[in-house]
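Engineer: Supplied in structure tokens, the structure appears directly below.
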Amino acid sequence: MNVDLTGHVLVPVAHEADARATAEALTSYRVGDVTVLHVVEKGEGVPDKTPVEQSERIAEDAFGAFRAFFPEMETKTVYRRDVVGAIVGAAADVDATAIAFRPRDSTRVSRFLAGDLALKLVTRADRPVVALPEAGPE
């Protein structure tokens with residue numbers, strides 16, 4: 001069975017600037033359908049990091065920034081504590097052929113405290129994960 005690697009790409013974004021940078025990086029590549037995902041981290045028994053209304057505004061701003069590059073994209077918002085699980089689950093929900101993301105800068109301390117989400121995503125995903133470089137191919 002041959003599957004088109006970029007037939008339907010799920011792209012997680014955190015906020016407007018991240019969405020803009022990720023979309024710009026993705027424009028250097030041929031992709032089919034694009035679904036942009038924003039995960040609202042829900043506390044599940046502990047206080048949420050931000051109020052839901054604020055998180056939803058952040059998602060809408062991120063979607064708007066990405067849409068400037070990919071006007072035909074679909075959007076999905078997921079409410080979960082486990083960000084990596086939410087991304088993997090959303091990829092299955094939309095039947096994505098791959099997950100494409102732009103690694104975010106973080107310090108060694110924050111990676112230690114929060115865990116390295118990129119590493120978790122690559123090792124837990126049930127489909128290919130593509131890490132986009134800062135700049136596209138030359």
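Just so we're on the same page: first chain in the structure tokens is A, next is B, and so on; residues restart at 1 for each chain, and ligands are numbered from 1 in the order they show up.
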From a DSSP calculation on the backbone, collect every residue of range 14-83 of chain A in strand (DSSP E or B) and output the set as a compact mmCIF listing (two decimals) with N, CA and C atoms, in the first residue's frame.
Structural biologist:
# COMPACT_ATOMS: atom_id res chain seq x y z
N ASP A 33 -4.42 18.33 1.45
CA ASP A 33 -5.30 18.97 2.42
C ASP A 33 -4.52 19.31 3.68
N VAL A 34 -4.94 20.40 4.32
CA VAL A 34 -4.29 20.85 5.56
C VAL A 34 -5.37 21.08 6.61
N THR A 35 -5.17 20.47 7.77
CA THR A 35 -6.02 20.75 8.94
C THR A 35 -5.11 21.35 10.00
N VAL A 36 -5.47 22.53 10.48
CA VAL A 36 -4.68 23.21 11.50
C VAL A 36 -5.35 22.95 12.85
N LEU A 37 -4.55 22.52 13.80
CA LEU A 37 -5.04 22.12 15.12
C LEU A 37 -4.53 23.06 16.20
N HIS A 38 -5.43 23.41 17.10
CA HIS A 38 -5.03 24.13 18.31
C HIS A 38 -5.51 23.32 19.51
N VAL A 39 -4.62 23.02 20.42
CA VAL A 39 -4.98 22.26 21.62
C VAL A 39 -5.12 23.24 22.78
N VAL A 40 -6.30 23.25 23.37
CA VAL A 40 -6.54 24.03 24.57
C VAL A 40 -6.28 23.10 25.74
N GLU A 41 -5.25 23.42 26.51
CA GLU A 41 -4.88 22.56 27.64
C GLU A 41 -5.89 22.74 28.78
N GLU A 74 -8.66 23.46 6.84
CA GLU A 74 -9.69 23.15 7.82
C GLU A 74 -9.12 23.45 9.20
N THR A 75 -9.97 23.62 10.19
CA THR A 75 -9.49 23.87 11.55
C THR A 75 -10.10 22.86 12.51
N LYS A 76 -9.39 22.66 13.59
CA LYS A 76 -9.88 21.76 14.65
C LYS A 76 -9.32 22.27 15.97
N THR A 77 -10.19 22.35 16.97
CA THR A 77 -9.76 22.72 18.32
C THR A 77 -10.10 21.54 19.22
N VAL A 78 -9.12 21.15 20.05
CA VAL A 78 -9.28 20.02 20.95
C VAL A 78 -8.98 20.50 22.37
N TYR A 79 -9.75 20.01 23.34
CA TYR A 79 -9.60 20.39 24.74
C TYR A 79 -9.09 19.17 25.50
N ARG A 80 -7.79 19.19 25.85
CA ARG A 80 -7.21 18.06 26.58
C ARG A 80 -6.03 18.53 27.40
Engineer: Env of Gly64 in chain A: 8 Å cut, atoms = only C-alpha atoms, seq-sep filter 4 positions within chain, self excluded. Answer as an MDAnalysis selection string.
Structural biologist: chainID A and resid 16 60 68
Engineer: Using the selection just defined, write its residues with N, CA, C and O atoms as an mmCIF file, in the first residue's frame.
Structural biologist:
data_model
loop_
_atom_site.group_PDB
_atom_site.id
_atom_site.type_symbol
_atom_site.label_atom_id
_atom_site.label_comp_id
_atom_site.auth_asym_id
_atom_site.auth_seq_id
_atom_site.Cartn_x
_atom_site.Cartn_y
_atom_site.Cartn_z
ATOM 1 N N GLU A 16 -0.700 32.783 17.438
ATOM 2 C CA GLU A 16 -0.658 33.486 16.150
ATOM 3 C C GLU A 16 0.739 33.516 15.524
ATOM 4 O O GLU A 16 0.907 33.188 14.347
ATOM 5 N N GLU A 60 -8.453 31.169 17.383
ATOM 6 C CA GLU A 60 -8.990 31.884 16.210
ATOM 7 C C GLU A 60 -7.939 32.794 15.585
ATOM 8 O O GLU A 60 -7.839 32.884 14.353
ATOM 9 N N ALA A 68 -3.974 32.947 6.027
ATOM 10 C CA ALA A 68 -3.373 33.883 5.067
ATOM 11 C C ALA A 68 -2.472 33.149 4.076
ATOM 12 O O ALA A 68 -2.294 33.592 2.937
#
Engineer: So, counting only C-alpha atoms, which residue among A:Leu121, A:Ala91, A:Leu132, A:Val83 is closest to Ala14 in chain A?
Structural biologist: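 Comparing A:Leu121, A:Ala91, A:Leu132, A:Val83 against Ala14 in chain A, the winner is A:Val83.
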Engineer: So what do you get for CA of Ala131 in chain A versus CA of Gly7 in chain A, distance-wise?
Structural biologist: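 We find that CA of Ala131 in chain A and CA of Gly7 in chain A lie 16.3 Å from each other.
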Engineer: Hey, what's within 10 Å of Arg104 in chain A if we count only C-alpha atoms and toss same-chain stuff fewer than 4 positions away? As a ChimeraX atom specification, please?
Structural biologist: /A:14,18,22,117-118,134
Engineer: Looking only at alpha helix (DSSP H) from DSSP on the backbone, list the matching residues of range 8-128 of chain A as a PyMOL selection string.
Structural biologist: chain A and resi 16-26+52-67+83-93+108-114+117-124
Engineer: Which one is closest to Ala23 in chain A: A:Ile58, A:Ala86, A:Val3, A:Ala100? Count only C-alpha atoms.
Structural biologist: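 For Ala23 in chain A, the nearest of the candidates is A:Ala100.
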Engineer: With distances taken over only C-alpha atoms, which of A:Arg20, A:Asp126, A:Ser28, A:Asp4 is nearest to Gly85 in chain A?
Structural biologist: A:Asp126
Engineer: Taking into account only C-alpha atoms, which residue in the set A:Arg57, A:Arg67, A:Lys120, A:Arg102 is nearest to Val88 in chain A?
Structural biologist: A:Lys120
Engineer: What's the 8 Å shell around Gly32 in chain A, counting only C-alpha atoms, without same-chain residues fewer than 6 positions away, as an MDAnalysis selection string?
Structural biologist: chainID A and resid 6:9
Engineer: Which is closest to Glu56 in chain A among A:Leu119, A:His15, A:Val130, A:Pro71, if we use only C-alpha atoms?
Structural biologist: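 Closest to Glu56 in chain A of all the choices is A:His15.
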Engineer: Taking only C-alpha atoms into account, which of A:Asp82, A:Asp61, A:Glu72, A:Asp95 comes nearest Leu10 in chain A?
Structural biologist: A:Asp95
Engineer: I'd like the neighbourhood of Ala98 in chain A as a count of residues only, where a residue qualifies if any of its atoms comes within 6 Å (using only C-alpha atoms), though same-chain residues fewer than 5 positions away should be ignored.
Structural biologist: 4
Engineer: Rounded to one decimal place, report the CA of Ala62 in chain A-CA of Glu24 in chain A distance in Å.
Structural biologist: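 According to the coordinates, CA of Ala62 in chain A and CA of Glu24 in chain A are separated by 12.9 Å.
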Engineer: Interatomic distance between CA of Phe66 in chain A and CA of Val31 in chain A?
Structural biologist: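 Result for CA of Phe66 in chain A versus CA of Val31 in chain A: 14.3 Å, one decimal.
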